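Participant: Next comes start-v3.cif, mmCIF, C-alpha atoms:
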```
data_data
#
loop_
_atom_site.group_PDB
_atom_site.id
_atom_site.type_symbol
_atom_site.label_atom_id
_atom_site.label_comp_id
_atom_site.auth_asym_id
_atom_site.auth_seq_id
_atom_site.Cartn_x
_atom_site.Cartn_y
_atom_site.Cartn_z
ATOM 1 C CA MET S 1 71.052 106.487 -183.307
ATOM 2 C CA LYS S 2 67.937 104.271 -183.282
ATOM 3 C CA GLU S 3 69.857 101.468 -184.958
ATOM 4 C CA TYR S 4 72.642 101.856 -182.388
ATOM 5 C CA ARG S 5 70.115 101.663 -179.540
ATOM 6 C CA LYS S 6 68.522 98.568 -181.085
ATOM 7 C CA HIS S 7 71.939 96.979 -181.444
ATOM 8 C CA LEU S 8 72.932 97.878 -177.854
ATOM 9 C CA THR S 9 69.644 96.514 -176.535
ATOM 10 C CA ALA S 10 70.164 93.260 -178.420
ATOM 11 C CA VAL S 11 73.697 92.931 -177.055
ATOM 12 C CA LEU S 12 72.539 93.562 -173.477
ATOM 13 C CA LEU S 13 69.739 91.044 -173.840
ATOM 14 C CA ALA S 14 72.197 88.500 -175.159
ATOM 15 C CA ILE S 15 74.542 89.102 -172.203
ATOM 16 C CA ILE S 16 71.656 88.776 -169.735
ATOM 17 C CA SER S 17 70.507 85.581 -171.418
ATOM 18 C CA ILE S 18 73.986 84.106 -171.224
ATOM 19 C CA ALA S 19 74.280 85.080 -167.557
ATOM 20 C CA VAL S 20 70.910 83.559 -166.745
ATOM 21 C CA LEU S 21 71.791 80.356 -168.555
ATOM 22 C CA ALA S 22 75.151 80.220 -166.844
ATOM 23 C CA GLY S 23 73.466 80.748 -163.487
ATOM 24 C CA CYS S 24 71.023 77.958 -164.166
ATOM 25 C CA ASN S 25 73.744 75.610 -165.271
ATOM 26 C CA SER S 26 75.954 76.467 -162.283
ATOM 27 C CA ASP S 27 73.369 75.328 -159.738
ATOM 28 C CA ASP S 28 76.013 73.176 -158.010
ATOM 29 C CA GLY S 29 76.526 71.610 -161.416
ATOM 30 C CA LYS S 30 73.234 69.729 -161.201
ATOM 31 C CA ALA S 31 71.883 70.918 -164.543
ATOM 32 C CA SER S 32 75.026 69.805 -166.341
ATOM 33 C CA GLY S 33 75.356 66.661 -164.285
ATOM 34 C CA LYS S 34 78.951 67.610 -163.441
ATOM 35 C CA SER S 35 78.695 68.681 -159.814
ATOM 36 C CA ASP S 36 81.881 68.970 -157.810
ATOM 37 C CA PRO S 37 82.028 66.499 -154.916
ATOM 38 C CA LEU S 38 81.194 67.888 -151.502
ATOM 39 C CA LYS S 39 84.341 68.434 -149.441
ATOM 40 C CA VAL S 40 84.165 66.932 -145.957
ATOM 41 C CA HIS S 41 86.822 67.884 -143.423
ATOM 42 C CA ILE S 42 87.760 64.989 -141.143
ATOM 43 C CA ALA S 43 90.305 65.547 -138.374
ATOM 44 C CA LEU S 44 92.623 62.916 -136.951
ATOM 45 C CA ASN S 45 93.190 63.418 -133.223
ATOM 46 C CA GLY S 46 96.554 61.729 -132.664
ATOM 47 C CA LYS S 47 98.193 58.940 -134.653
ATOM 48 C CA MET S 48 96.180 55.992 -133.357
ATOM 49 C CA GLY S 49 92.519 55.074 -133.529
ATOM 50 C CA PRO S 50 89.939 53.755 -135.985
ATOM 51 C CA LEU S 51 90.078 56.877 -138.151
ATOM 52 C CA VAL S 52 93.739 56.158 -138.899
ATOM 53 C CA ILE S 53 92.787 52.624 -139.922
ATOM 54 C CA ALA S 54 89.916 53.895 -142.055
ATOM 55 C CA LYS S 55 92.207 56.352 -143.848
ATOM 56 C CA GLU S 56 94.991 53.826 -144.406
ATOM 57 C CA LYS S 57 92.674 51.040 -145.595
ATOM 58 C CA GLY S 58 90.524 53.310 -147.767
ATOM 59 C CA LEU S 59 87.368 52.319 -145.881
ATOM 60 C CA PHE S 60 85.645 55.612 -146.590
ATOM 61 C CA ASN S 61 85.800 55.058 -150.346
ATOM 62 C CA GLU S 62 82.772 52.799 -150.682
ATOM 63 C CA GLU S 63 80.430 54.621 -148.294
ATOM 64 C CA PHE S 64 81.360 58.129 -149.352
ATOM 65 C CA SER S 65 81.506 57.446 -153.099
ATOM 66 C CA LYS S 66 77.757 56.790 -152.976
ATOM 67 C CA LEU S 67 77.299 60.331 -151.658
ATOM 68 C CA ASP S 68 79.720 62.096 -154.038
ATOM 69 C CA VAL S 69 81.942 63.185 -151.167
ATOM 70 C CA GLN S 70 85.624 64.104 -151.130
ATOM 71 C CA ILE S 71 87.557 63.963 -147.843
ATOM 72 C CA GLU S 72 90.061 66.577 -146.770
ATOM 73 C CA TRP S 73 92.164 65.304 -143.847
ATOM 74 C CA SER S 74 93.824 67.267 -141.072
ATOM 75 C CA GLU S 75 95.731 66.070 -138.008
ATOM 76 C CA PHE S 76 96.097 67.388 -134.461
ATOM 77 C CA GLN S 77 98.187 66.288 -131.477
ATOM 78 C CA SER S 78 95.299 66.799 -129.075
ATOM 79 C CA GLY S 79 91.748 68.060 -128.720
ATOM 80 C CA PRO S 80 92.158 71.768 -127.791
ATOM 81 C CA PRO S 81 93.771 72.859 -131.091
ATOM 82 C CA LEU S 82 91.227 70.697 -132.922
ATOM 83 C CA LEU S 83 88.449 72.639 -131.177
ATOM 84 C CA GLU S 84 89.863 75.893 -132.562
ATOM 85 C CA SER S 85 89.558 74.585 -136.116
ATOM 86 C CA LEU S 86 86.096 73.224 -135.378
ATOM 87 C CA ALA S 87 84.973 76.643 -134.174
ATOM 88 C CA SER S 88 86.150 78.209 -137.450
ATOM 89 C CA ASN S 89 84.335 75.580 -139.569
ATOM 90 C CA ARG S 90 87.549 73.852 -140.674
ATOM 91 C CA VAL S 91 86.564 70.502 -139.123
ATOM 92 C CA ASP S 92 83.297 68.691 -139.840
ATOM 93 C CA LEU S 93 83.837 65.265 -138.260
ATOM 94 C CA SER S 94 86.278 63.915 -135.685
ATOM 95 C CA PHE S 95 86.552 62.605 -132.122
ATOM 96 C CA LEU S 96 87.602 64.172 -128.817
ATOM 97 C CA GLY S 97 88.955 63.041 -125.482
ATOM 98 C CA ASP S 98 86.834 63.869 -122.462
ATOM 99 C CA GLY S 99 88.773 67.000 -121.497
ATOM 100 C CA ALA S 100 88.403 68.762 -124.844
ATOM 101 C CA LEU S 101 84.858 67.484 -125.166
ATOM 102 C CA ILE S 102 83.773 68.977 -121.836
ATOM 103 C CA ALA S 103 85.601 72.264 -122.443
ATOM 104 C CA GLY S 104 84.032 72.547 -125.885
ATOM 105 C CA ILE S 105 80.513 71.993 -124.578
ATOM 106 C CA ASP S 106 81.159 74.436 -121.721
ATOM 107 C CA LYS S 107 82.156 77.090 -124.289
ATOM 108 C CA ASN S 108 79.123 76.322 -126.464
ATOM 109 C CA LEU S 109 81.272 75.377 -129.433
ATOM 110 C CA PRO S 110 79.318 74.239 -132.501
ATOM 111 C CA PHE S 111 79.436 70.450 -132.346
ATOM 112 C CA GLU S 112 77.198 67.526 -131.465
ATOM 113 C CA VAL S 113 78.099 64.353 -129.565
ATOM 114 C CA ILE S 114 77.054 61.555 -131.943
ATOM 115 C CA ALA S 115 78.767 58.505 -130.373
ATOM 116 C CA GLN S 116 81.372 57.500 -127.787
ATOM 117 C CA THR S 117 84.712 55.736 -128.169
ATOM 118 C CA GLY S 118 84.685 53.270 -125.307
ATOM 119 C CA ARG S 119 85.375 53.497 -121.573
ATOM 120 C CA GLY S 120 88.926 54.804 -121.755
ATOM 121 C CA GLU S 121 89.980 52.604 -118.851
ATOM 122 C CA SER S 122 93.512 51.957 -120.100
ATOM 123 C CA SER S 123 94.253 55.138 -122.016
ATOM 124 C CA VAL S 124 95.780 57.622 -119.510
ATOM 125 C CA ARG S 125 98.359 57.502 -116.707
ATOM 126 C CA ILE S 126 100.550 59.809 -114.619
ATOM 127 C CA LEU S 127 104.212 59.101 -115.243
ATOM 128 C CA ALA S 128 107.098 59.854 -112.885
ATOM 129 C CA GLN S 129 110.803 59.750 -113.628
ATOM 130 C CA ALA S 130 112.086 56.181 -113.302
ATOM 131 C CA GLU S 131 115.083 57.357 -111.277
ATOM 132 C CA GLY S 132 113.224 60.070 -109.390
ATOM 133 C CA ASN S 133 111.878 60.211 -105.842
ATOM 134 C CA ILE S 134 108.184 60.311 -106.742
ATOM 135 C CA LYS S 135 106.671 56.971 -105.784
ATOM 136 C CA GLN S 136 103.030 57.850 -105.174
ATOM 137 C CA ILE S 137 100.518 60.568 -106.037
ATOM 138 C CA GLU S 138 101.065 62.343 -102.699
ATOM 139 C CA ASP S 139 104.720 62.875 -103.688
ATOM 140 C CA LEU S 140 103.609 65.190 -106.515
ATOM 141 C CA LYS S 141 103.068 68.029 -104.040
ATOM 142 C CA GLY S 142 105.335 70.923 -105.012
ATOM 143 C CA LYS S 143 106.610 69.067 -108.090
ATOM 144 C CA THR S 144 106.581 70.088 -111.758
ATOM 145 C CA VAL S 145 103.953 68.179 -113.716
ATOM 146 C CA GLY S 146 103.404 68.460 -117.459
ATOM 147 C CA VAL S 147 100.049 68.059 -119.182
ATOM 148 C CA ALA S 148 98.295 69.425 -122.252
ATOM 149 C CA SER S 149 95.705 71.760 -120.764
ATOM 150 C CA GLY S 150 92.111 70.859 -121.509
ATOM 151 C CA THR S 151 92.864 67.303 -122.604
ATOM 152 C CA THR S 152 91.851 63.920 -121.275
ATOM 153 C CA GLY S 153 95.238 63.856 -119.517
ATOM 154 C CA HIS S 154 94.322 67.057 -117.688
ATOM 155 C CA VAL S 155 91.005 65.601 -116.512
ATOM 156 C CA TYR S 156 92.727 62.418 -115.366
ATOM 157 C CA LEU S 157 95.299 64.432 -113.401
ATOM 158 C CA ILE S 158 92.628 66.490 -111.646
ATOM 159 C CA LYS S 159 90.661 63.345 -110.730
ATOM 160 C CA ALA S 160 93.780 61.506 -109.510
ATOM 161 C CA LEU S 161 94.912 64.427 -107.355
ATOM 162 C CA LYS S 162 91.433 64.748 -105.861
ATOM 163 C CA ALA S 163 91.375 61.032 -105.003
ATOM 164 C CA HIS S 164 94.541 61.581 -102.945
ATOM 165 C CA GLY S 165 93.537 64.820 -101.227
ATOM 166 C CA LEU S 166 95.383 67.179 -103.568
ATOM 167 C CA THR S 167 94.476 69.783 -106.198
ATOM 168 C CA THR S 168 96.356 71.371 -109.082
ATOM 169 C CA ASP S 169 97.218 74.231 -106.695
ATOM 170 C CA ASP S 170 99.503 71.761 -104.885
ATOM 171 C CA ILE S 171 101.677 71.176 -107.958
ATOM 172 C CA LYS S 172 103.555 73.263 -110.523
ATOM 173 C CA LEU S 173 101.471 72.636 -113.629
ATOM 174 C CA ILE S 174 103.166 73.138 -117.014
ATOM 175 C CA ASN S 175 100.963 73.272 -120.133
ATOM 176 C CA LEU S 176 102.706 71.298 -122.886
ATOM 177 C CA GLN S 177 101.503 69.485 -125.982
ATOM 178 C CA PRO S 178 102.560 65.794 -126.031
ATOM 179 C CA ASP S 179 105.627 66.064 -128.260
ATOM 180 C CA ASP S 180 106.981 69.047 -126.309
ATOM 181 C CA ALA S 181 106.223 67.294 -123.017
ATOM 182 C CA GLN S 182 108.058 64.204 -124.243
ATOM 183 C CA ALA S 183 111.199 66.247 -124.821
ATOM 184 C CA ALA S 184 110.844 67.985 -121.453
ATOM 185 C CA PHE S 185 110.306 64.692 -119.637
ATOM 186 C CA GLU S 186 113.328 63.060 -121.297
ATOM 187 C CA THR S 187 115.558 65.941 -120.212
ATOM 188 C CA ASN S 188 114.244 65.882 -116.619
ATOM 189 C CA GLN S 189 112.565 69.274 -116.907
ATOM 190 C CA LEU S 190 109.389 67.577 -115.663
ATOM 191 C CA ASP S 191 109.083 65.554 -112.494
ATOM 192 C CA ALA S 192 105.894 63.936 -113.738
ATOM 193 C CA TRP S 193 103.657 63.879 -116.796
ATOM 194 C CA ALA S 194 99.938 63.135 -117.229
ATOM 195 C CA ILE S 195 99.639 61.563 -120.650
ATOM 196 C CA TRP S 196 97.725 59.063 -122.764
ATOM 197 C CA ASN S 197 98.824 56.204 -124.966
ATOM 198 C CA PRO S 198 100.941 55.531 -126.916
ATOM 199 C CA TYR S 199 103.172 57.946 -124.990
ATOM 200 C CA TYR S 200 102.835 56.479 -121.516
ATOM 201 C CA LEU S 201 103.425 52.826 -122.377
ATOM 202 C CA ASN S 202 106.312 53.669 -124.698
ATOM 203 C CA ASN S 203 108.093 55.568 -121.917
ATOM 204 C CA ILE S 204 107.522 52.751 -119.436
ATOM 205 C CA GLU S 205 108.808 50.109 -121.842
ATOM 206 C CA LYS S 206 111.908 52.201 -122.595
ATOM 207 C CA GLY S 207 112.603 52.400 -118.855
ATOM 208 C CA ASN S 208 112.182 56.177 -118.753
ATOM 209 C CA ALA S 209 109.181 56.216 -116.460
ATOM 210 C CA VAL S 210 106.971 54.502 -113.929
ATOM 211 C CA ALA S 211 103.187 54.860 -113.733
ATOM 212 C CA LEU S 212 101.827 56.077 -110.405
ATOM 213 C CA LYS S 213 99.049 54.048 -108.816
ATOM 214 C CA VAL S 214 95.753 55.852 -108.302
ATOM 215 C CA LYS S 215 92.981 55.042 -105.836
ATOM 216 C CA GLY S 216 89.934 53.624 -107.537
ATOM 217 C CA LYS S 217 89.351 53.384 -111.268
ATOM 218 C CA ILE S 218 89.441 56.484 -113.458
ATOM 219 C CA LEU S 219 87.719 56.158 -116.828
ATOM 220 C CA ALA S 220 88.395 58.544 -119.693
ATOM 221 C CA PRO S 221 85.762 57.951 -122.389
ATOM 222 C CA GLY S 222 86.102 59.874 -125.624
ATOM 223 C CA ALA S 223 83.355 60.977 -127.994
ATOM 224 C CA ILE S 224 82.759 61.085 -131.733
ATOM 225 C CA ILE S 225 81.576 64.492 -132.826
ATOM 226 C CA ALA S 226 80.098 66.342 -135.799
ATOM 227 C CA ARG S 227 79.951 70.085 -136.435
ATOM 228 C CA ASN S 228 76.406 71.351 -135.878
ATOM 229 C CA GLY S 229 75.825 73.041 -139.210
ATOM 230 C CA PHE S 230 77.347 70.184 -141.145
ATOM 231 C CA ALA S 231 75.316 67.532 -139.328
ATOM 232 C CA LYS S 232 72.095 69.425 -139.903
ATOM 233 C CA ALA S 233 72.790 69.877 -143.621
ATOM 234 C CA HIS S 234 74.199 66.391 -144.266
ATOM 235 C CA PRO S 235 72.829 63.808 -141.797
ATOM 236 C CA GLU S 236 73.374 61.034 -144.334
ATOM 237 C CA ILE S 237 77.122 61.774 -144.372
ATOM 238 C CA VAL S 238 77.260 61.734 -140.575
ATOM 239 C CA GLU S 239 75.578 58.325 -140.626
ATOM 240 C CA ALA S 240 78.016 57.060 -143.259
ATOM 241 C CA TYR S 241 80.902 58.358 -141.135
ATOM 242 C CA LEU S 242 79.681 56.344 -138.144
ATOM 243 C CA LYS S 243 79.363 53.220 -140.283
ATOM 244 C CA VAL S 244 82.946 53.560 -141.479
ATOM 245 C CA TYR S 245 84.222 54.329 -137.974
ATOM 246 C CA LYS S 246 82.614 51.147 -136.645
ATOM 247 C CA LYS S 247 83.881 49.146 -139.613
ATOM 248 C CA ALA S 248 87.420 50.343 -138.869
ATOM 249 C CA ALA S 249 87.044 49.614 -135.146
ATOM 250 C CA ASP S 250 85.764 46.101 -135.884
ATOM 251 C CA TRP S 251 88.581 45.517 -138.370
ATOM 252 C CA GLN S 252 91.139 46.522 -135.719
ATOM 253 C CA ILE S 253 89.653 44.037 -133.236
ATOM 254 C CA GLU S 254 89.724 41.244 -135.819
ATOM 255 C CA ASN S 255 93.165 42.100 -137.219
ATOM 256 C CA PRO S 256 95.347 43.243 -134.283
ATOM 257 C CA ASP S 257 98.629 42.286 -135.948
ATOM 258 C CA GLU S 258 98.022 44.233 -139.162
ATOM 259 C CA ALA S 259 96.510 47.115 -137.226
ATOM 260 C CA SER S 260 99.627 47.220 -135.045
ATOM 261 C CA GLU S 261 101.790 47.410 -138.159
ATOM 262 C CA ILE S 262 99.784 50.381 -139.433
ATOM 263 C CA TYR S 263 99.989 52.246 -136.136
ATOM 264 C CA SER S 264 103.668 51.399 -135.788
ATOM 265 C CA LYS S 265 104.408 53.155 -139.077
ATOM 266 C CA GLU S 266 102.449 56.201 -137.949
ATOM 267 C CA THR S 267 103.918 56.446 -134.452
ATOM 268 C CA LYS S 268 107.410 54.980 -135.062
ATOM 269 C CA LEU S 269 106.812 52.745 -132.039
ATOM 270 C CA PRO S 270 107.604 49.021 -131.819
ATOM 271 C CA VAL S 271 104.824 46.805 -133.139
ATOM 272 C CA SER S 272 104.766 44.885 -129.866
ATOM 273 C CA THR S 273 104.143 48.089 -127.902
ATOM 274 C CA VAL S 274 101.335 49.109 -130.204
ATOM 275 C CA LYS S 275 99.701 45.697 -129.992
ATOM 276 C CA THR S 276 99.721 45.841 -126.194
ATOM 277 C CA ILE S 277 97.934 49.189 -126.366
ATOM 278 C CA ILE S 278 95.240 48.315 -128.887
ATOM 279 C CA THR S 279 94.379 44.955 -127.343
ATOM 280 C CA ALA S 280 94.060 46.345 -123.797
ATOM 281 C CA GLU S 281 90.583 47.664 -124.543
ATOM 282 C CA LYS S 282 88.277 47.093 -127.508
ATOM 283 C CA PRO S 283 87.018 50.203 -129.295
ATOM 284 C CA ASN S 284 83.255 50.684 -129.195
ATOM 285 C CA ILE S 285 81.182 53.507 -130.658
ATOM 286 C CA PHE S 286 77.893 52.904 -128.862
ATOM 287 C CA PHE S 287 76.758 54.845 -125.811
ATOM 288 C CA THR S 288 77.030 52.794 -122.618
ATOM 289 C CA GLU S 289 75.788 53.625 -119.144
ATOM 290 C CA ASP S 290 79.220 53.304 -117.514
ATOM 291 C CA ALA S 291 80.859 55.563 -120.103
ATOM 292 C CA ILE S 292 78.065 58.120 -119.786
ATOM 293 C CA LYS S 293 78.380 57.987 -115.992
ATOM 294 C CA ALA S 294 82.169 58.452 -116.210
ATOM 295 C CA GLN S 295 81.698 61.445 -118.479
ATOM 296 C CA GLN S 296 79.253 62.987 -116.010
ATOM 297 C CA GLU S 297 81.735 62.441 -113.179
ATOM 298 C CA SER S 298 84.383 64.264 -115.210
ATOM 299 C CA ILE S 299 81.998 67.160 -115.816
ATOM 300 C CA ASP S 300 81.129 67.436 -112.128
ATOM 301 C CA THR S 301 84.798 67.217 -111.144
ATOM 302 C CA LEU S 302 85.863 69.988 -113.541
ATOM 303 C CA ALA S 303 82.996 72.197 -112.395
ATOM 304 C CA GLY S 304 83.971 71.568 -108.780
ATOM 305 C CA VAL S 305 87.518 72.840 -109.316
ATOM 306 C CA GLY S 306 86.377 75.791 -111.428
ATOM 307 C CA TYR S 307 87.830 74.565 -114.726
ATOM 308 C CA ILE S 308 84.414 74.953 -116.372
ATOM 309 C CA LYS S 309 81.761 77.525 -115.462
ATOM 310 C CA LYS S 310 79.184 75.069 -114.155
ATOM 311 C CA SER S 311 78.164 71.434 -114.336
ATOM 312 C CA PHE S 312 75.700 70.212 -116.953
ATOM 313 C CA ASN S 313 73.824 67.027 -117.754
ATOM 314 C CA PHE S 314 75.859 65.058 -120.292
ATOM 315 C CA LYS S 315 72.846 63.016 -121.397
ATOM 316 C CA ASN S 316 71.277 66.226 -122.681
ATOM 317 C CA GLN S 317 74.251 66.652 -125.034
ATOM 318 C CA ILE S 318 73.876 63.256 -126.684
ATOM 319 C CA HIS S 319 72.408 63.015 -130.182
ATOM 320 C CA HIS S 320 71.287 59.414 -130.644
ATOM 321 C CA GLU S 321 69.558 59.989 -133.959
ATOM 322 C CA TYR S 322 72.574 59.482 -136.212
ATOM 323 C CA ILE S 323 73.787 56.242 -134.669
ATOM 324 C CA ASP S 324 70.209 54.946 -134.419
ATOM 325 C CA GLU S 325 69.622 55.604 -138.111
ATOM 326 C CA ALA S 326 73.028 54.291 -139.198
ATOM 327 C CA PHE S 327 72.590 50.961 -137.399
ATOM 328 C CA LYS S 328 68.839 50.511 -137.378
ATOM 329 C CA LYS S 329 67.693 46.917 -137.721
#
```
Can the structure in the file be given as structure tokens, please?

Facilitator:
Amino acid sequence: MKEYRKHLTAVLLAIISIAVLAGCNSDDGKASGKSDPLKVHIALNGKMGPLVIAKEKGLFNEEFSKLDVQIEWSEFQSGPPLLESLASNRVDLSFLGDGALIAGIDKNLPFEVIAQTGRGESSVRILAQAEGNIKQIEDLKGKTVGVASGTTGHVYLIKALKAHGLTTDDIKLINLQPDDAQAAFETNQLDAWAIWNPYYLNNIEKGNAVALKVKGKILAPGAIIARNGFAKAHPEIVEAYLKVYKKAADWQIENPDEASEIYSKETKLPVSTVKTIITAEKPNIFFTEDAIKAQQESIDTLAGVGYIKKSFNFKNQIHHEYIDEAFKK
């Protein structure tokens, strides 16, 4: 019996030793030098933009290979469904239009604003049927208007209606994602449609629609975002992401013809249409006073109509530290 106990004790000690060694060696693979690359979830928001260029041209390879990072891509038609994945930790890095951005901040979703994506001066319009009787914003009263709720198109629509003495209560608002709205618009189920590029210009060029004129200038700046927990744990990856985003944006500006070819393949739109869109406004990732002001106006407008609980100071949501570190002189 004593010999059996000695043998059992020796076996148990051996098992414990093996487990301890295995635990030591499995410390993220560092002891063995064979760590698995960190998976980073980057979300494409639509089929156009610098992230599409960066993915197609492999621009992340150099920056991220230094950090032993592996990208897992996902794609969304608009910001609201992207926010759902962000909230469940399935998105680490992406960008949002102003509607989804504001709604996400209002709901205290776990992301940080780390850069902007330009002024958004040319990105959104309200379309009416080319053969319809809607000629101006005031004609939308009582009409059926499609928009993806919570998107930059939604914010633009609210602002445009307000500029002409109307509210969303004066129209029949239909919540549709872009592809569904496209089908509804083509079959005359919608009288009008608040939508961003490339949808609006494509419909105008095909003769399906006309863009309604709006009083004043409505800007729709987007924002580059990072999930809170991810940014805190991996600031160096967030900085690398910004570097690649800017590199892709600069490449698009310098190579509009090739960039148009890339986007044309993604969107199935004519190259000429795409080129008109991407050369209308240069992408820019740095915070600017006019873009910040436009974002604040959007926040105040949405709070005024009750779309968000209350207004807030957008400048308090900005995290300069990543862009400052990424592009420090």

Participant: Skipping near chain neighbours, those fewer than 4 positions away, what residues fall within 6 Å of segment 99-102 of chain S using all atoms listed in the file, listed as a PyMOL selection string?

Facilitator: chain S and resi 79-80+150-152+155

Participant: Go ahead and save the residues from that selection, with C-alpha atoms, as a short mmCIF file (atom, residue, chain, number, x, y, z; two decimals), in the frame of the given file.

Facilitator:
```cif
data_model
loop_
_atom_site.label_atom_id
_atom_site.label_comp_id
_atom_site.auth_asym_id
_atom_site.auth_seq_id
_atom_site.Cartn_x
_atom_site.Cartn_y
_atom_site.Cartn_z
CA GLY S 79 91.75 68.06 -128.72
CA PRO S 80 92.16 71.77 -127.79
CA GLY S 150 92.11 70.86 -121.51
CA THR S 151 92.86 67.30 -122.60
CA THR S 152 91.85 63.92 -121.28
CA VAL S 155 91.00 65.60 -116.51
#
```

Participant: I want to know what sits within 10 Å of Ile218 of chain S, based on only C-alpha atoms, with residues of the same chain fewer than 4 positions away left out; could you give that as a PyMOL selection string?

Facilitator: chain S and resi 119-125+155-157+159-160+163+214+294+297-298

Participant: Grab the residues selected above and save them as a CSV table (one decimal), in the coordinates of the input with C-alpha atoms.

Facilitator:
```csv
chain,number,residue,atom,x,y,z
S,119,ARG,CA,85.4,53.5,-121.6
S,120,GLY,CA,88.9,54.8,-121.8
S,121,GLU,CA,90.0,52.6,-118.9
S,122,SER,CA,93.5,52.0,-120.1
S,123,SER,CA,94.3,55.1,-122.0
S,124,VAL,CA,95.8,57.6,-119.5
S,125,ARG,CA,98.4,57.5,-116.7
S,155,VAL,CA,91.0,65.6,-116.5
S,156,TYR,CA,92.7,62.4,-115.4
S,157,LEU,CA,95.3,64.4,-113.4
S,159,LYS,CA,90.7,63.3,-110.7
S,160,ALA,CA,93.8,61.5,-109.5
S,163,ALA,CA,91.4,61.0,-105.0
S,214,VAL,CA,95.8,55.9,-108.3
S,294,ALA,CA,82.2,58.5,-116.2
S,297,GLU,CA,81.7,62.4,-113.2
S,298,SER,CA,84.4,64.3,-115.2
```

Participant: Ranking S:Glu205, S:Val274, S:Lys135, S:Ala192 by minimum distance to Glu261 of chain S and counting all atoms listed in the file, which one comes first?

Facilitator: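 Closest to Glu261 of chain S of all the choices is S:Val274.
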
Participant: Apply the PyMOL selection byres ((chain S and resi 164) around 8) to the file shown and report the selected residues as number ranges by chain.

Facilitator: S: 137-138, 160-163, 165-166, 214-215

Participant: With all atoms listed in the file as the basis for distance, which of S:Tyr322, S:Tyr245, S:Phe314, S:Phe286 is at the shortest distance from Asp106 of chain S?

Facilitator: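 Looking at the shortest contact to Asp106 of chain S, the residue is S:Phe314.
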
Participant: Atom CA of Val40 of chain S and atom CA of Glu84 of chain S are how many Å apart?

Facilitator: 17.1 Å
